[in-house]
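Have a look at query38.txt; it's compact mmCIF, C-alpha atoms and all ligand atoms:
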```
# COMPACT_ATOMS: atom_id res chain seq x y z
CA MET A 1 -4.19 -38.23 5.29
CA LEU A 2 -3.90 -34.62 4.25
CA SER A 3 -2.62 -32.47 7.09
CA TYR A 4 -3.84 -29.10 5.99
CA GLN A 5 -2.93 -26.30 8.40
CA GLN A 6 -3.21 -22.89 6.84
CA PRO A 7 -2.33 -20.08 7.15
CA ASP A 8 0.89 -19.70 9.15
CA ALA A 9 1.14 -17.08 11.91
CA ALA A 10 1.85 -14.31 9.39
CA GLY A 11 -1.13 -15.24 7.21
CA HIS A 12 0.69 -17.17 4.47
CA PHE A 13 -1.11 -19.86 2.51
CA GLY A 14 2.03 -21.38 1.01
CA PRO A 15 3.62 -18.49 -0.91
CA TYR A 16 0.32 -16.55 -1.03
CA GLY A 17 -1.44 -14.23 1.41
CA GLY A 18 0.57 -12.28 3.97
CA SER A 19 0.19 -8.60 4.65
CA PHE A 20 1.21 -5.88 2.22
CA ALA A 21 -0.15 -2.65 3.65
CA SER A 22 1.06 0.88 4.23
CA GLU A 23 2.93 1.64 7.44
CA THR A 24 -0.02 3.72 8.67
CA LEU A 25 -2.14 0.56 8.84
CA THR A 26 0.37 -1.57 10.73
CA HIS A 27 -1.10 -0.65 14.09
CA ALA A 28 -4.72 -1.18 13.00
CA LEU A 29 -3.90 -4.59 11.50
CA THR A 30 -2.00 -5.68 14.61
CA GLU A 31 -4.90 -4.58 16.77
CA LEU A 32 -7.32 -6.55 14.57
CA ARG A 33 -5.15 -9.68 14.59
CA GLU A 34 -4.94 -9.55 18.37
CA ALA A 35 -8.68 -9.01 18.76
CA TYR A 36 -9.50 -11.88 16.43
CA ALA A 37 -6.97 -14.18 18.17
CA ARG A 38 -8.63 -13.36 21.48
CA TYR A 39 -12.22 -13.94 20.35
CA GLN A 40 -12.03 -16.60 17.63
CA ASN A 41 -12.30 -19.46 20.14
CA ASP A 42 -14.03 -17.53 22.91
CA PRO A 43 -17.15 -19.51 23.91
CA GLU A 44 -19.18 -16.37 24.62
CA PHE A 45 -18.25 -14.78 21.27
CA LEU A 46 -19.08 -17.96 19.39
CA ALA A 47 -22.37 -18.44 21.24
CA GLU A 48 -23.45 -14.89 20.32
CA PHE A 49 -22.32 -15.41 16.69
CA HIS A 50 -24.35 -18.58 16.34
CA SER A 51 -27.34 -17.05 18.08
CA GLU A 52 -27.27 -14.13 15.60
CA LEU A 53 -26.99 -16.56 12.69
CA LYS A 54 -29.95 -18.53 13.97
CA HIS A 55 -32.33 -15.73 14.93
CA PHE A 56 -31.41 -12.88 12.59
CA VAL A 57 -30.12 -14.69 9.48
CA GLY A 58 -32.37 -17.76 9.70
CA ARG A 59 -29.68 -20.46 9.82
CA PRO A 60 -29.14 -23.29 9.33
CA SER A 61 -29.97 -22.84 5.65
CA PRO A 62 -31.47 -26.01 4.18
CA VAL A 63 -29.89 -28.40 1.70
CA TYR A 64 -32.36 -29.08 -1.09
CA HIS A 65 -32.38 -32.07 -3.45
CA ALA A 66 -33.00 -30.64 -6.92
CA ALA A 67 -34.71 -33.84 -8.03
CA ARG A 68 -36.32 -32.62 -11.25
CA MET A 69 -33.14 -31.03 -12.46
CA SER A 70 -31.12 -34.14 -11.54
CA ARG A 71 -33.55 -36.38 -13.42
CA GLU A 72 -33.38 -34.20 -16.53
CA MET A 73 -29.57 -34.17 -16.47
CA GLY A 74 -29.67 -37.97 -16.24
CA GLY A 75 -26.59 -38.33 -14.05
CA ALA A 76 -25.47 -37.45 -10.53
CA GLN A 77 -27.94 -36.15 -7.95
CA ILE A 78 -27.68 -32.37 -7.51
CA TYR A 79 -28.14 -30.77 -4.09
CA LEU A 80 -28.35 -27.03 -3.42
CA LYS A 81 -27.12 -25.38 -0.22
CA ARG A 82 -29.67 -22.60 0.10
CA GLU A 83 -27.66 -19.53 1.09
CA ASP A 84 -30.17 -17.61 -1.03
CA LEU A 85 -32.65 -18.00 1.84
CA ASN A 86 -30.52 -16.01 4.29
CA HIS A 87 -31.70 -12.57 5.45
CA THR A 88 -30.51 -10.01 2.83
CA GLY A 89 -30.39 -12.77 0.22
CA ALA A 90 -26.85 -14.15 0.18
CA HIS A 91 -23.99 -15.62 2.20
CA LYS A 92 -22.36 -12.20 2.80
CA ILE A 93 -24.25 -11.54 6.03
CA ASN A 94 -22.53 -14.47 7.83
CA ASN A 95 -19.18 -12.71 7.65
CA VAL A 96 -20.52 -9.21 8.27
CA ILE A 97 -22.06 -10.27 11.58
CA GLY A 98 -18.76 -11.75 12.76
CA GLN A 99 -16.76 -8.65 11.89
CA ALA A 100 -19.37 -6.24 13.31
CA MET A 101 -19.31 -8.20 16.59
CA LEU A 102 -15.53 -7.74 16.68
CA ALA A 103 -15.89 -4.02 15.95
CA ARG A 104 -18.19 -3.62 18.93
CA ARG A 105 -15.79 -5.45 21.22
CA MET A 106 -12.90 -3.30 19.95
CA GLY A 107 -14.88 -0.13 20.69
CA LYS A 108 -15.05 1.06 17.06
CA PRO A 109 -18.32 2.95 16.46
CA ARG A 110 -17.71 3.66 12.76
CA ILE A 111 -17.85 0.99 10.04
CA ILE A 112 -16.62 1.34 6.48
CA ALA A 113 -17.04 -1.12 3.62
CA GLU A 114 -16.66 -1.27 -0.13
CA THR A 115 -19.14 -2.89 -2.46
CA GLY A 116 -19.46 -3.78 -6.14
CA ALA A 117 -22.95 -5.06 -6.84
CA GLY A 118 -24.08 -3.70 -3.50
CA GLN A 119 -24.69 -7.03 -1.76
CA HIS A 120 -21.88 -6.62 0.77
CA GLY A 121 -22.90 -2.97 1.25
CA VAL A 122 -26.50 -3.96 1.98
CA ALA A 123 -25.41 -6.69 4.43
CA THR A 124 -23.10 -4.21 6.20
CA ALA A 125 -25.74 -1.45 6.33
CA THR A 126 -28.19 -4.00 7.74
CA ILE A 127 -25.97 -5.03 10.65
CA CYS A 128 -24.92 -1.44 11.36
CA ALA A 129 -28.60 -0.49 11.66
CA ARG A 130 -29.19 -3.36 14.05
CA TYR A 131 -26.11 -2.58 16.20
CA GLY A 132 -26.42 1.23 16.02
CA LEU A 133 -23.07 1.72 14.26
CA GLU A 134 -22.26 4.51 11.79
CA CYS A 135 -21.91 3.06 8.28
CA VAL A 136 -20.08 4.47 5.24
CA VAL A 137 -20.06 2.40 2.04
CA TYR A 138 -17.72 3.13 -0.88
CA MET A 139 -19.01 2.20 -4.30
CA GLY A 140 -17.68 2.92 -7.80
CA SER A 141 -19.86 5.56 -9.48
CA GLU A 142 -20.40 3.19 -12.43
CA ASP A 143 -21.77 0.56 -10.02
CA VAL A 144 -23.92 3.19 -8.25
CA LYS A 145 -25.65 3.74 -11.60
CA ARG A 146 -25.98 0.03 -12.42
CA GLN A 147 -27.21 -1.01 -8.97
CA SER A 148 -29.57 1.79 -7.95
CA PRO A 149 -32.04 -0.42 -5.98
CA ASN A 150 -29.21 -1.60 -3.71
CA VAL A 151 -27.98 1.99 -3.26
CA TYR A 152 -31.47 2.97 -2.13
CA ARG A 153 -31.64 -0.05 0.20
CA MET A 154 -28.43 1.02 1.91
CA LYS A 155 -29.81 4.55 2.32
CA LEU A 156 -33.07 3.22 3.78
CA LEU A 157 -30.96 1.34 6.32
CA GLY A 158 -29.24 4.57 7.32
CA ALA A 159 -25.88 4.16 5.57
CA THR A 160 -23.96 6.86 3.72
CA VAL A 161 -23.05 5.73 0.19
CA VAL A 162 -19.96 7.45 -1.26
CA PRO A 163 -19.63 7.18 -5.08
CA VAL A 164 -16.00 6.75 -6.22
CA ASP A 165 -15.06 8.49 -9.47
CA SER A 166 -11.48 7.29 -9.93
CA GLY A 167 -10.16 4.60 -12.28
CA SER A 168 -12.77 2.37 -13.88
CA ARG A 169 -15.28 3.55 -11.20
CA THR A 170 -15.94 -0.02 -10.05
CA LEU A 171 -15.12 -2.38 -7.17
CA LYS A 172 -11.33 -2.16 -7.17
CA ASP A 173 -11.48 1.65 -7.08
CA ALA A 174 -13.99 1.53 -4.22
CA LEU A 175 -11.58 -0.79 -2.37
CA ASN A 176 -8.70 1.67 -2.77
CA GLU A 177 -10.90 4.49 -1.46
CA ALA A 178 -12.02 2.45 1.56
CA MET A 179 -8.34 1.73 2.36
CA ARG A 180 -7.61 5.49 2.22
CA ASP A 181 -10.52 6.20 4.58
CA TRP A 182 -9.22 3.56 7.00
CA VAL A 183 -5.73 5.09 7.03
CA ALA A 184 -7.30 8.49 7.88
CA HIS A 185 -9.64 7.19 10.63
CA VAL A 186 -7.94 4.12 12.14
CA ASP A 187 -8.76 5.12 15.71
CA ASP A 188 -12.55 4.90 15.57
CA THR A 189 -13.11 2.92 12.35
CA PHE A 190 -13.43 -0.80 11.56
CA TYR A 191 -13.09 -1.85 7.92
CA ILE A 192 -15.43 -4.77 7.11
CA ILE A 193 -14.02 -6.55 4.04
CA GLY A 194 -16.59 -8.62 2.15
CA THR A 195 -14.52 -11.50 0.82
CA VAL A 196 -11.48 -13.67 1.62
CA ALA A 197 -9.06 -10.99 0.37
CA GLY A 198 -7.10 -8.12 1.93
CA PRO A 199 -4.12 -8.29 4.31
CA HIS A 200 -3.86 -10.91 7.09
CA PRO A 201 -6.01 -11.67 9.10
CA TYR A 202 -8.91 -10.94 6.71
CA PRO A 203 -8.64 -13.99 4.39
CA MET A 204 -8.50 -16.36 7.37
CA MET A 205 -11.09 -14.51 9.44
CA VAL A 206 -13.65 -14.22 6.64
CA ARG A 207 -13.11 -17.91 5.81
CA ASP A 208 -13.70 -18.86 9.43
CA PHE A 209 -16.97 -16.90 9.63
CA GLN A 210 -18.18 -18.32 6.30
CA SER A 211 -17.19 -21.90 7.24
CA VAL A 212 -20.55 -22.20 8.96
CA ILE A 213 -21.81 -23.07 5.45
CA GLY A 214 -19.67 -26.17 4.99
CA THR A 215 -19.93 -27.20 8.64
CA GLU A 216 -23.72 -27.31 8.32
CA CYS A 217 -23.41 -29.33 5.08
CA LEU A 218 -21.21 -31.94 6.77
CA GLU A 219 -24.07 -32.50 9.21
CA GLN A 220 -26.90 -32.25 6.68
CA MET A 221 -25.56 -34.37 3.81
CA PRO A 222 -25.47 -37.83 5.46
CA ALA A 223 -29.25 -37.73 6.05
CA MET A 224 -29.94 -36.35 2.57
CA LEU A 225 -27.79 -39.03 0.95
CA ALA A 226 -29.27 -41.81 3.10
CA GLU A 227 -32.69 -40.82 1.76
CA GLN A 228 -31.35 -41.35 -1.77
CA LYS A 229 -29.84 -44.69 -0.67
CA ALA A 230 -26.42 -43.48 -1.75
CA ASN A 231 -23.47 -45.48 -0.46
CA THR A 232 -21.50 -42.41 0.62
CA GLN A 233 -22.04 -40.03 3.53
CA GLN A 234 -20.74 -36.94 1.79
CA PRO A 235 -21.08 -35.61 -1.77
CA ASP A 236 -18.65 -36.68 -4.49
CA ALA A 237 -18.17 -33.06 -5.52
CA VAL A 238 -18.76 -29.63 -3.98
CA ILE A 239 -19.14 -26.72 -6.40
CA ALA A 240 -19.15 -22.97 -5.72
CA CYS A 241 -18.68 -19.80 -7.75
CA VAL A 242 -15.53 -17.76 -7.12
CA GLY A 243 -15.39 -13.98 -7.18
CA GLY A 244 -13.16 -13.04 -4.26
CA GLY A 245 -13.83 -16.57 -3.08
CA SER A 246 -15.68 -16.30 0.24
CA ASN A 247 -18.74 -18.45 -0.42
CA ALA A 248 -16.43 -21.05 -1.99
CA MET A 249 -13.98 -21.03 0.96
CA GLY A 250 -16.95 -21.21 3.33
CA ILE A 251 -18.23 -24.44 1.83
CA PHE A 252 -14.80 -25.88 0.84
CA HIS A 253 -12.89 -25.43 4.07
CA PRO A 254 -14.70 -28.00 6.24
CA TYR A 255 -14.46 -30.46 3.31
CA ILE A 256 -10.68 -30.18 2.83
CA PRO A 257 -9.94 -33.23 5.05
CA HIS A 258 -12.63 -35.26 3.19
CA GLU A 259 -10.30 -36.21 0.38
CA LYS A 260 -12.89 -38.21 -1.57
CA THR A 261 -14.93 -35.05 -2.14
CA ARG A 262 -13.75 -33.05 -5.16
CA LEU A 263 -13.75 -29.29 -4.59
CA ILE A 264 -14.53 -27.28 -7.72
CA GLY A 265 -14.45 -23.47 -7.94
CA VAL A 266 -16.19 -21.81 -10.89
CA GLU A 267 -14.76 -18.55 -12.18
CA ALA A 268 -16.50 -16.16 -14.55
CA ALA A 269 -15.27 -16.95 -18.07
CA GLY A 270 -17.25 -13.95 -19.39
CA GLU A 271 -17.13 -14.03 -23.18
CA GLY A 272 -14.65 -16.94 -23.06
CA LEU A 273 -11.42 -17.74 -21.22
CA ASP A 274 -9.40 -16.73 -24.28
CA SER A 275 -11.44 -13.62 -25.15
CA GLY A 276 -9.62 -11.32 -22.74
CA LYS A 277 -13.07 -10.46 -21.36
CA HIS A 278 -13.45 -12.52 -18.20
CA SER A 279 -12.62 -12.51 -14.48
CA ALA A 280 -10.78 -15.85 -14.28
CA SER A 281 -7.84 -14.84 -12.06
CA LEU A 282 -6.87 -18.42 -11.15
CA GLN A 283 -7.01 -19.83 -14.67
CA ARG A 284 -5.64 -16.89 -16.64
CA GLY A 285 -3.83 -14.79 -14.04
CA SER A 286 -0.40 -14.92 -12.42
CA SER A 287 1.12 -14.31 -9.02
CA GLY A 288 1.16 -10.69 -7.84
CA VAL A 289 0.19 -8.37 -5.01
CA LEU A 290 -3.27 -6.80 -4.89
CA HIS A 291 -5.21 -5.24 -2.03
CA GLY A 292 -2.79 -6.25 0.68
CA ASN A 293 -1.99 -9.86 -0.18
CA ARG A 294 -0.09 -12.02 -2.66
CA THR A 295 -2.37 -14.04 -4.86
CA PHE A 296 -3.32 -14.72 -8.47
CA ILE A 297 -4.32 -11.55 -10.31
CA LEU A 298 -5.17 -10.48 -13.83
CA GLN A 299 -2.33 -8.19 -14.87
CA ASP A 300 -0.46 -7.12 -18.00
CA GLU A 301 3.31 -7.56 -18.56
CA ASN A 302 3.95 -4.32 -16.61
CA GLY A 303 2.01 -5.54 -13.58
CA GLN A 304 -0.94 -3.23 -14.31
CA ILE A 305 -4.31 -4.68 -13.33
CA THR A 306 -6.28 -5.47 -16.48
CA GLU A 307 -9.98 -4.78 -17.05
CA THR A 308 -12.24 -7.64 -16.06
CA HIS A 309 -15.65 -8.63 -17.27
CA SER A 310 -18.55 -10.78 -16.07
CA ILE A 311 -22.30 -10.74 -16.47
CA SER A 312 -22.42 -10.87 -12.67
CA ALA A 313 -21.00 -7.90 -10.78
CA GLY A 314 -20.13 -10.10 -7.78
CA LEU A 315 -17.62 -12.15 -9.79
CA ASP A 316 -16.12 -9.14 -11.59
CA TYR A 317 -12.89 -8.81 -9.58
CA PRO A 318 -9.28 -9.02 -10.90
CA GLY A 319 -7.98 -10.95 -7.87
CA VAL A 320 -9.00 -13.92 -5.74
CA GLY A 321 -8.50 -14.98 -2.13
CA PRO A 322 -4.94 -16.27 -1.50
CA GLU A 323 -6.15 -19.58 -0.06
CA HIS A 324 -7.68 -20.48 -3.43
CA ALA A 325 -4.32 -19.83 -5.13
CA TRP A 326 -2.81 -22.29 -2.64
CA LEU A 327 -5.56 -24.93 -2.97
CA GLN A 328 -5.07 -24.78 -6.73
CA GLU A 329 -1.31 -25.14 -6.40
CA ILE A 330 -1.48 -28.19 -4.11
CA GLY A 331 -4.22 -29.70 -6.27
CA ARG A 332 -6.82 -29.95 -3.49
CA ALA A 333 -9.28 -27.81 -5.46
CA GLU A 334 -9.88 -27.47 -9.21
CA TYR A 335 -10.97 -24.28 -10.94
CA VAL A 336 -13.05 -24.10 -14.09
CA GLY A 337 -14.79 -21.38 -16.11
CA ILE A 338 -18.40 -20.75 -17.08
CA THR A 339 -19.27 -18.11 -19.67
CA ASP A 340 -21.90 -15.36 -19.39
CA ALA A 341 -24.14 -17.24 -21.84
CA GLU A 342 -23.86 -20.54 -19.94
CA ALA A 343 -24.60 -18.81 -16.62
CA LEU A 344 -27.63 -17.05 -18.08
CA ALA A 345 -28.97 -20.32 -19.48
CA ALA A 346 -28.56 -22.00 -16.07
CA PHE A 347 -30.31 -19.02 -14.44
CA HIS A 348 -33.39 -19.49 -16.65
CA TYR A 349 -33.24 -23.26 -16.28
CA LEU A 350 -33.26 -23.20 -12.48
CA CYS A 351 -36.15 -20.69 -12.47
CA ARG A 352 -38.30 -22.92 -14.64
CA THR A 353 -37.27 -26.34 -13.35
CA GLU A 354 -36.98 -25.87 -9.59
CA GLY A 355 -38.84 -22.63 -8.88
CA ILE A 356 -35.71 -20.91 -7.60
CA ILE A 357 -34.42 -17.60 -9.02
CA PRO A 358 -30.65 -17.78 -8.38
CA ALA A 359 -28.16 -14.91 -8.30
CA LEU A 360 -26.21 -14.61 -11.57
CA GLU A 361 -23.05 -15.37 -9.54
CA SER A 362 -24.53 -18.62 -8.22
CA SER A 363 -25.81 -19.46 -11.72
CA HIS A 364 -22.17 -20.06 -12.69
CA ALA A 365 -21.94 -22.85 -10.11
CA VAL A 366 -25.29 -24.28 -11.21
CA ALA A 367 -24.19 -24.26 -14.87
CA TYR A 368 -21.06 -26.26 -14.09
CA ALA A 369 -22.99 -28.72 -11.93
CA MET A 370 -25.35 -29.33 -14.86
CA LYS A 371 -22.40 -30.15 -17.13
CA LEU A 372 -20.63 -32.33 -14.57
CA ALA A 373 -23.75 -34.24 -13.45
CA LYS A 374 -24.21 -35.64 -16.98
CA THR A 375 -20.76 -37.28 -16.78
CA MET A 376 -21.44 -39.00 -13.43
CA PRO A 377 -23.58 -42.04 -12.51
CA ALA A 378 -26.97 -41.53 -10.83
CA ASP A 379 -25.79 -42.89 -7.48
CA GLN A 380 -23.21 -40.12 -7.14
CA SER A 381 -23.92 -36.64 -5.83
CA ILE A 382 -22.95 -33.00 -6.30
CA LEU A 383 -23.46 -30.29 -3.71
CA VAL A 384 -23.75 -26.74 -5.13
CA ASN A 385 -23.44 -23.65 -2.98
CA LEU A 386 -26.35 -21.48 -4.08
CA SER A 387 -24.67 -18.33 -2.75
CA GLY A 388 -27.56 -15.92 -3.28
CA ARG A 389 -30.96 -15.18 -4.73
CA GLY A 390 -31.51 -13.45 -8.04
CA ASP A 391 -33.96 -10.67 -7.17
CA LYS A 392 -31.14 -8.15 -7.55
CA ASP A 393 -30.43 -9.44 -11.07
CA ILE A 394 -33.85 -9.36 -12.68
CA GLY A 395 -33.17 -5.92 -14.21
CA THR A 396 -29.96 -7.21 -15.85
CA VAL A 397 -31.69 -10.33 -17.13
CA ALA A 398 -34.67 -8.34 -18.42
CA ASP A 399 -32.34 -5.92 -20.27
CA LEU A 400 -30.49 -8.85 -21.89
CA SER A 401 -33.72 -10.37 -23.12
CA GLY A 402 -35.15 -7.02 -24.28
CA ALA A 403 -37.89 -7.09 -21.62
CA ASP A 404 -38.80 -4.39 -19.10
CA VAL A 405 -39.35 -5.25 -15.43
CA TYR A 406 -41.75 -2.30 -15.06
CA ASP A 407 -43.60 -2.86 -18.32
CA ARG A 408 -47.10 -2.74 -16.82
CA PRO A 409 -49.14 -2.69 -20.03
CA SER A 410 -47.54 -6.00 -21.06
CA MET A 411 -49.17 -7.61 -18.02
CA ARG A 412 -52.59 -7.12 -19.59
CA GLY A 413 -52.01 -10.15 -21.76
CA LEU A 414 -51.41 -12.20 -18.61
CA GLY A 415 -54.93 -11.45 -17.41
CA VAL A 416 -53.77 -9.18 -14.56
CA LYS A 417 -56.89 -7.52 -13.13
CA GLY A 418 -57.09 -3.87 -12.21
CA GLY A 419 -54.74 -2.57 -14.94
CA PRO A 420 -55.89 0.29 -17.18
CA ALA A 421 -57.23 -2.12 -19.79
CA ALA A 422 -58.83 -4.61 -17.41
C1 LIG A 501 -20.66 -11.28 -3.58
C2 LIG A 501 -21.26 -12.50 -4.10
C3 LIG A 501 -20.48 -13.54 -4.66
C4 LIG A 501 -19.00 -13.43 -4.87
O1 LIG A 501 -18.25 -13.27 -3.71
P1 LIG A 501 -17.39 -14.47 -3.10
O2 LIG A 501 -16.55 -13.78 -2.09
O3 LIG A 501 -16.61 -15.07 -4.21
O4 LIG A 501 -18.33 -15.43 -2.50
C5 LIG A 501 -21.11 -14.71 -5.06
N1 LIG A 501 -22.45 -14.86 -4.96
C6 LIG A 501 -23.23 -13.87 -4.44
C7 LIG A 501 -24.71 -14.10 -4.38
C8 LIG A 501 -22.67 -12.68 -4.00
O5 LIG A 501 -23.46 -11.71 -3.49
```
Structure rendered as structure tokens:
Amino acid sequence: MLSYQQPDAAGHFGPYGGSFASETLTHALTELREAYARYQNDPEFLAEFHSELKHFVGRPSPVYHAARMSREMGGAQIYLKREDLNHTGAHKINNVIGQAMLARRMGKPRIIAETGAGQHGVATATICARYGLECVVYMGSEDVKRQSPNVYRMKLLGATVVPVDSGSRTLKDALNEAMRDWVAHVDDTFYIIGTVAGPHPYPMMVRDFQSVIGTECLEQMPAMLAEQKANTQQPDAVIACVGGGSNAMGIFHPYIPHEKTRLIGVEAAGEGLDSGKHSASLQRGSSGVLHGNRTFILQDENGQITETHSISAGLDYPGVGPEHAWLQEIGRAEYVGITDAEALAAFHYLCRTEGIIPALESSHAVAYAMKLAKTMPADQSILVNLSGRGDKDIGTVADLSGADVYDRPSMRGLGVKGGPAA
């Protein structure tokens, strides 16, 4: 029996995690740790959290048996946990609600966040609108350009979006800027981090909020598998994509004691794990300190963070949550890579075969499930965390295939009525 009890009181997952932050943040982090310790098991807090998840997010999200896809793969049955059906289109909102509820109880009227693709920013702006909190979102100026629909969404929701012009003008620069803001405004500001990274207690707290995903699966899978006349109650493997690692920790954590279930995290292999153009921190990185915790990071021999690449902005991060570094080290989870091309193929495949447009991030998990299923017998099962929907990615996919999302004249050939030529 695996007795997994992580983290310790100081936020260590084995040698990883902890809290590496400037002195000016010590008080804010202590205050946050105390607030979370007070509310994490508070029945009233938890009842409100679950009520929000039910009525505002639409939980529980269903588990769906991808029967056509499973048949075509000719191996294990593939099940999809439909986080794409959540309000705002991904798992991020689960965590944002939890942290915003804490902010209100701590009397912090101002929320800051950082975002890469804009998904965490949109989720944060959404909850701030609902709770009447001020919202400032930091975003690399390169990402502001690439993700203009999400920038506009945040503005519609009443948030202020601050473009960050330093460094590579992407997520890690936005994170640094958000940290600076927090140092300057600790008294009235709560920093909502979007993944299982940052200084203690963030990796643990974000994991706890996201664990609703795996907890629901533990309840949903026995009935799904009974329908398939499987002889197990739980899936043989659980697969999730790993950027910072929050959707993966959310589905993995409740499964850790179920030792017969393999846990498989899929990192972005970009143009290949040996191409130097990827975001595979666990497979090609080494131990170091980034954004307030010790974990696996992509760095050069001088400890400088190296440039990362992925087709999906949400996986394009040079670090990873410290708990994943620990799960890899103790062998409880395995980490693999899927390239841009493989993810894109899985994206198109799921659209055409199951009628689901997945996020490019989630497409990495789908791609690995497709490979793995073929090696397993038909009475075994794989559960994939479909972390988000792909609406946000159709521009990227259209560009890659030389199409144009707004190419109205091309619709004439499809018999669309009312166009200029109709
Ligand atoms: C942000 C995002 C991810 C990556 O973040 P994790 O913290 O690794 O979960 C994955 N999928 C979707 C849809 C996202 O929006």
Inset, instruction - Go through the chains and note each residue within 7 Å of ligand LIG 501 (chain A), using all atoms listed in the file, then give the set as a PyMOL selection string. - result: chain A and resi 90-92+119-120+194-196+241-248+314-315+359+361-362+387-389
Deliver the residues from the most recent selection as a file, using C-alpha atoms, as a compact mmCIF listing (two decimals), in the coordinates of the input.
```txt
# COMPACT_ATOMS: atom_id res chain seq x y z
CA ALA A 90 -26.85 -14.15 0.18
CA HIS A 91 -23.99 -15.62 2.20
CA LYS A 92 -22.36 -12.20 2.80
CA GLN A 119 -24.69 -7.03 -1.76
CA HIS A 120 -21.88 -6.62 0.77
CA GLY A 194 -16.59 -8.62 2.15
CA THR A 195 -14.52 -11.50 0.82
CA VAL A 196 -11.48 -13.67 1.62
CA CYS A 241 -18.68 -19.80 -7.75
CA VAL A 242 -15.53 -17.76 -7.12
CA GLY A 243 -15.39 -13.98 -7.18
CA GLY A 244 -13.16 -13.04 -4.26
CA GLY A 245 -13.83 -16.57 -3.08
CA SER A 246 -15.68 -16.30 0.24
CA ASN A 247 -18.74 -18.45 -0.42
CA ALA A 248 -16.43 -21.05 -1.99
CA GLY A 314 -20.13 -10.10 -7.78
CA LEU A 315 -17.62 -12.15 -9.79
CA ALA A 359 -28.16 -14.91 -8.30
CA GLU A 361 -23.05 -15.37 -9.54
CA SER A 362 -24.53 -18.62 -8.22
CA SER A 387 -24.67 -18.33 -2.75
CA GLY A 388 -27.56 -15.92 -3.28
CA ARG A 389 -30.96 -15.18 -4.73
```
Inset, instruction - Within 12 Å of range 163-167 of chain A, counting only C-alpha atoms, which residues show up once you throw out same-chain ones fewer than 6 positions away? Write them as a PyMOL selection string, please. - result: chain A and resi 114-116+118+136-145+147-148+151+173-178+180+305-307
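Coordinates place CA of Tyr64 in chain A at a distance of 23.0 Å from CA of Glu52 in chain A.
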Inset, instruction - Select, from A:Tyr317, A:Thr375, A:Glu83, A:Ala280, the residue with the minimum atom-to-atom distance to Ser168 in chain A, counting only C-alpha atoms. - result: A:Tyr317
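Closest approach to Ser19 in chain A from the set A:Thr295, A:Gln210, A:Gln5, A:Thr160 is made by A:Thr295, with distances taken over all atoms listed in the file.
Distances from A:Met179, A:Ala223, A:Asp84, A:His324 to Ile357 in chain A were compared using all atoms listed in the file, and the smallest one belongs to A:Asp84.
CA of Val320 in chain A lies 6.4 Å from CA of Phe296 in chain A.
Going from CA of His278 in chain A over to CA of His309 in chain A, you cover 4.6 Å.
Minimum distance to Tyr152 in chain A across A:Ala9, A:Leu171, A:Ala313, A:Val122 (counting only C-alpha atoms) occurs at A:Val122.
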Inset, instruction - Have a look at A:Leu298, A:Met69, A:Val183, A:Val366 and name the one nearest to Ser22 in chain A; count all atoms listed in the file. - result: A:Val183
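Counting all atoms listed in the file, the residue from A:Asn94, A:Ala37, A:Thr339, A:Phe49 that sits nearest to Ser275 in chain A is A:Thr339.
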Inset, instruction - Take the point (-18.5, -29.5, 6.8) as written in the file and pick out every residue within 10 Å of it, counting all atoms listed in the file; give the list as number ranges by chain. - result: A: 211-221, 234, 250-258
